[in-house]
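Here's the structure, in structure tokens; my notes come after.
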Amino acid sequence: MKTFTKFWTFQKSASFVRLYSFPALFTVPQRNMAVQRVKLALIDLSGTLHVDDQPTVGAVEALKRLRQHGVQVKFVTNTTKESVGSLYDRLRKIGFELQRDEIYGSLGAAAEYVRRNNLNPYYLLTDDARTDMPPNDPERALDSVVVGLAPERFCYEHLNEAFRVLHQRSVKQEVQLVAVHEGRYYKAKDGIALGPGCFVKGLEYSTGVPAVCIGKPNEYFFRSALPDGIDVAECVMIGDDPNDDCLGAMRIGMKGYLVETGKYQPEKYTDEDRPAVSGIFPTFSDVVQHIISSSAEQ
């Protein structure tokens, strides 16, 4: 067995502090080196805690440490390929300890939007995800399209049916295009995979109907995930998407910590154009260690 000794060096500039170690690297903006005690962590799932049916390195134990440190957790996800029940079962099966009601997903938020607006959508969703959505009313005409991540639905036949529903728009006929989220891509076990965003944009372009985006990085989604009594300054968002996870949360005053285990690909960035997030870490476990160490210094 090989063992590695870590050597730490610091290099300061006007805008950030880099902390180097072998074999990992993370970047923490200087303004966040001294942080307010974290009371709540909003945690992304796919690409952050797991990739398909594999936990990311150290994630199961790190989640336990975070809870033991007194930090509340809520899992906020744009996952739309599977229902909340299936997602919960998957996470439990691969070793995570959580309650089903700790999962707050864009799919559930989209279902609430459909109910609240009394829509009768054409669904571009997987069969499993459909179980979380209101059923169609066969006595009413379709008046909207709901799009999530549904690879088997992204073919000409289904996309053309969605186009036809939206093309009905007129002075007398209102229609809506509802994007559960507009992710460009995500991390699968066999590599980076195409997300639903391009199909949403294609329908917008072809029909002239602007999409209503429900999930991250929508400000409403982040705010509605917060329990009563928790201020945004006491929260962190941990995820693998620089924009949808981190920058979206930072816009409302949270810290946004980015991990390198999912869709974020550090090799595509230079020091000058790396995402301006609160911190970049190799893994979720490294974020947890940073949170615990920072609170101990206060």
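Letters for chains follow the order of the structure tokens (A, B, ...), residue numbers begin at 1 for each chain, and ligand numbers begin at 1 in the order shown.
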When you look at Ala188 in chain A with a cut-off of 12 Å (counting only C-alpha atoms), what residues show up, excluding the ones that are within fewer than 6 positions of it in the same chain? I need them as a list in words.
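My reading of the contact set: Ser46, Gly47, Thr48, His50, Val51, Asp52, Asp53, Gln54, Leu194, Gly195, Thr261, Gly262 and Lys263 of chain A.
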Would you give me, as a ChimeraX atom specification, the residues in range 72-228 of chain A that DSSP reads as strand (DSSP E)?
/A:72-77,103-105,121-124,144-147,176-179,185-188,191-194,211-213
Next, the residues of the selection above should be written as a tab-separated table (two decimals), in the first residue's frame with N, CA, C and O atoms.
```
chain	number	residue	atom	x	y	z
A	72	GLN	N	-27.70	21.52	10.45
A	72	GLN	CA	-28.88	20.95	9.79
A	72	GLN	C	-28.57	20.75	8.31
A	72	GLN	O	-27.76	21.47	7.73
A	73	VAL	N	-29.22	19.75	7.70
A	73	VAL	CA	-28.99	19.52	6.29
A	73	VAL	C	-30.32	19.41	5.55
A	73	VAL	O	-31.32	18.97	6.12
A	74	LYS	N	-30.30	19.85	4.32
A	74	LYS	CA	-31.41	19.62	3.40
A	74	LYS	C	-30.81	19.33	2.03
A	74	LYS	O	-29.86	20.00	1.62
A	75	PHE	N	-31.34	18.33	1.38
A	75	PHE	CA	-30.81	17.92	0.09
A	75	PHE	C	-31.65	18.59	-1.00
A	75	PHE	O	-32.84	18.32	-1.13
A	76	VAL	N	-31.03	19.48	-1.75
A	76	VAL	CA	-31.73	20.23	-2.79
A	76	VAL	C	-31.22	19.75	-4.15
A	76	VAL	O	-30.03	19.81	-4.42
A	77	THR	N	-32.12	19.28	-4.96
A	77	THR	CA	-31.70	18.62	-6.18
A	77	THR	C	-32.56	18.99	-7.37
A	77	THR	O	-33.77	19.19	-7.23
A	103	ILE	N	-35.33	15.70	1.54
A	103	ILE	CA	-35.08	15.92	0.11
A	103	ILE	C	-36.05	16.96	-0.42
A	103	ILE	O	-37.27	16.79	-0.33
A	104	TYR	N	-35.51	18.06	-0.94
A	104	TYR	CA	-36.33	19.09	-1.55
A	104	TYR	C	-35.90	19.21	-3.00
A	104	TYR	O	-34.80	19.66	-3.31
A	105	GLY	N	-36.76	18.76	-3.90
A	105	GLY	CA	-36.39	18.69	-5.30
A	105	GLY	C	-37.19	19.61	-6.19
A	105	GLY	O	-38.32	20.00	-5.89
A	121	PRO	N	-50.74	19.38	-18.27
A	121	PRO	CA	-49.56	19.40	-19.14
A	121	PRO	C	-49.38	18.14	-20.00
A	121	PRO	O	-49.87	17.06	-19.68
A	122	TYR	N	-48.62	18.36	-21.05
A	122	TYR	CA	-47.95	17.26	-21.74
A	122	TYR	C	-46.60	17.11	-21.06
A	122	TYR	O	-45.83	18.07	-20.97
A	123	TYR	N	-46.31	15.92	-20.55
A	123	TYR	CA	-45.11	15.71	-19.74
A	123	TYR	C	-43.97	15.12	-20.57
A	123	TYR	O	-44.12	14.03	-21.14
A	124	LEU	N	-42.85	15.81	-20.61
A	124	LEU	CA	-41.61	15.23	-21.10
A	124	LEU	C	-40.79	14.82	-19.88
A	124	LEU	O	-39.83	15.48	-19.48
A	144	SER	N	-50.12	22.99	-21.61
A	144	SER	CA	-48.77	23.30	-21.15
A	144	SER	C	-47.86	22.10	-21.42
A	144	SER	O	-48.33	20.99	-21.71
A	145	VAL	N	-46.57	22.35	-21.27
A	145	VAL	CA	-45.55	21.30	-21.41
A	145	VAL	C	-44.62	21.40	-20.22
A	145	VAL	O	-44.17	22.50	-19.86
A	146	VAL	N	-44.35	20.27	-19.57
A	146	VAL	CA	-43.41	20.21	-18.46
A	146	VAL	C	-42.21	19.37	-18.90
A	146	VAL	O	-42.37	18.22	-19.33
A	147	VAL	N	-41.01	19.94	-18.80
A	147	VAL	CA	-39.80	19.28	-19.28
A	147	VAL	C	-38.84	19.02	-18.12
A	147	VAL	O	-38.48	19.95	-17.38
A	176	GLN	N	-48.24	27.29	-21.40
A	176	GLN	CA	-47.04	27.50	-20.60
A	176	GLN	C	-46.02	26.40	-20.89
A	176	GLN	O	-46.38	25.22	-21.05
A	177	LEU	N	-44.77	26.80	-20.92
A	177	LEU	CA	-43.64	25.88	-20.99
A	177	LEU	C	-42.96	25.91	-19.63
A	177	LEU	O	-42.43	26.95	-19.22
A	178	VAL	N	-42.99	24.79	-18.92
A	178	VAL	CA	-42.45	24.71	-17.56
A	178	VAL	C	-41.19	23.84	-17.59
A	178	VAL	O	-41.25	22.64	-17.88
A	179	ALA	N	-40.05	24.45	-17.29
A	179	ALA	CA	-38.79	23.72	-17.21
A	179	ALA	C	-38.54	23.35	-15.75
A	179	ALA	O	-38.38	24.24	-14.91
A	185	TYR	N	-25.75	20.04	-18.67
A	185	TYR	CA	-25.21	18.68	-18.67
A	185	TYR	C	-25.06	18.22	-17.23
A	185	TYR	O	-25.20	19.01	-16.27
A	186	TYR	N	-24.79	16.94	-17.04
A	186	TYR	CA	-24.61	16.39	-15.71
A	186	TYR	C	-23.59	15.26	-15.78
A	186	TYR	O	-23.20	14.82	-16.87
A	187	LYS	N	-23.14	14.79	-14.62
A	187	LYS	CA	-22.14	13.73	-14.55
A	187	LYS	C	-22.83	12.39	-14.38
A	187	LYS	O	-23.57	12.16	-13.43
A	188	ALA	N	-22.61	11.47	-15.33
A	188	ALA	CA	-23.09	10.10	-15.24
A	188	ALA	C	-21.88	9.18	-15.04
A	188	ALA	O	-20.74	9.62	-15.15
A	191	GLY	N	-19.48	9.29	-17.87
A	191	GLY	CA	-18.96	10.58	-18.29
A	191	GLY	C	-20.01	11.68	-18.29
A	191	GLY	O	-21.12	11.51	-17.79
A	192	ILE	N	-19.68	12.82	-18.88
A	192	ILE	CA	-20.59	13.95	-18.95
A	192	ILE	C	-21.73	13.63	-19.93
A	192	ILE	O	-21.49	13.08	-21.01
A	193	ALA	N	-22.96	13.97	-19.53
A	193	ALA	CA	-24.14	13.66	-20.35
A	193	ALA	C	-24.99	14.90	-20.54
A	193	ALA	O	-25.04	15.79	-19.69
A	194	LEU	N	-25.68	14.95	-21.66
A	194	LEU	CA	-26.51	16.10	-22.04
A	194	LEU	C	-27.71	16.25	-21.11
A	194	LEU	O	-28.40	15.29	-20.80
A	211	ALA	N	-39.90	29.96	-21.26
A	211	ALA	CA	-40.02	28.93	-20.22
A	211	ALA	C	-40.05	29.55	-18.83
A	211	ALA	O	-39.38	30.56	-18.56
A	212	VAL	N	-40.82	28.93	-17.96
A	212	VAL	CA	-40.78	29.21	-16.53
A	212	VAL	C	-39.86	28.18	-15.91
A	212	VAL	O	-40.15	26.98	-15.95
A	213	CYS	N	-38.72	28.61	-15.35
A	213	CYS	CA	-37.75	27.68	-14.75
A	213	CYS	C	-38.04	27.55	-13.26
A	213	CYS	O	-38.09	28.54	-12.54
```
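Here the question is which of A:His181, A:Arg130, A:Lys189, A:Lys81 gets nearest to Phe221 in chain A using only C-alpha atoms, and that residue is A:His181.
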With only C-alpha atoms as the counted atoms, please give the residues lying no more than 10 Å from His69 in chain A, apart from itself and same-chain residues fewer than 4 positions off, as a count of residues only.
9
With distances taken over only C-alpha atoms, which of A:Asn136, A:Ser86, A:Ser106, A:Thr56 is nearest to Tyr220 in chain A?
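The answer is A:Ser106, which sits nearest to Tyr220 in chain A.
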In Å to one decimal, how far is CA of Val180 in chain A from CA of Asp241 in chain A?
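Taking CA of Asp241 in chain A and CA of Val180 in chain A, their separation equals 16.1 Å.
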Coordinates-based distance that separates CA of Ser170 in chain A from CA of Leu142 in chain A (Å, one decimal):
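Computing it gives 14.1 Å between the two atoms.
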Near-Pro217 in chain A list (9 Å; only C-alpha atoms; drop same-chain fewer than 5 positions) as number ranges by chain
A: 181, 222, 243-249
Between A:Pro55, A:Pro196, A:Pro227, A:Gly279, which one has atoms that come closest to Phe154 in chain A, using only C-alpha atoms?
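Among the listed residues, the smallest separation from Phe154 in chain A belongs to A:Pro196.
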Atom pair CA of Glu272 in chain A / CA of Lys255 in chain A: separation (Å)
20.4 Å
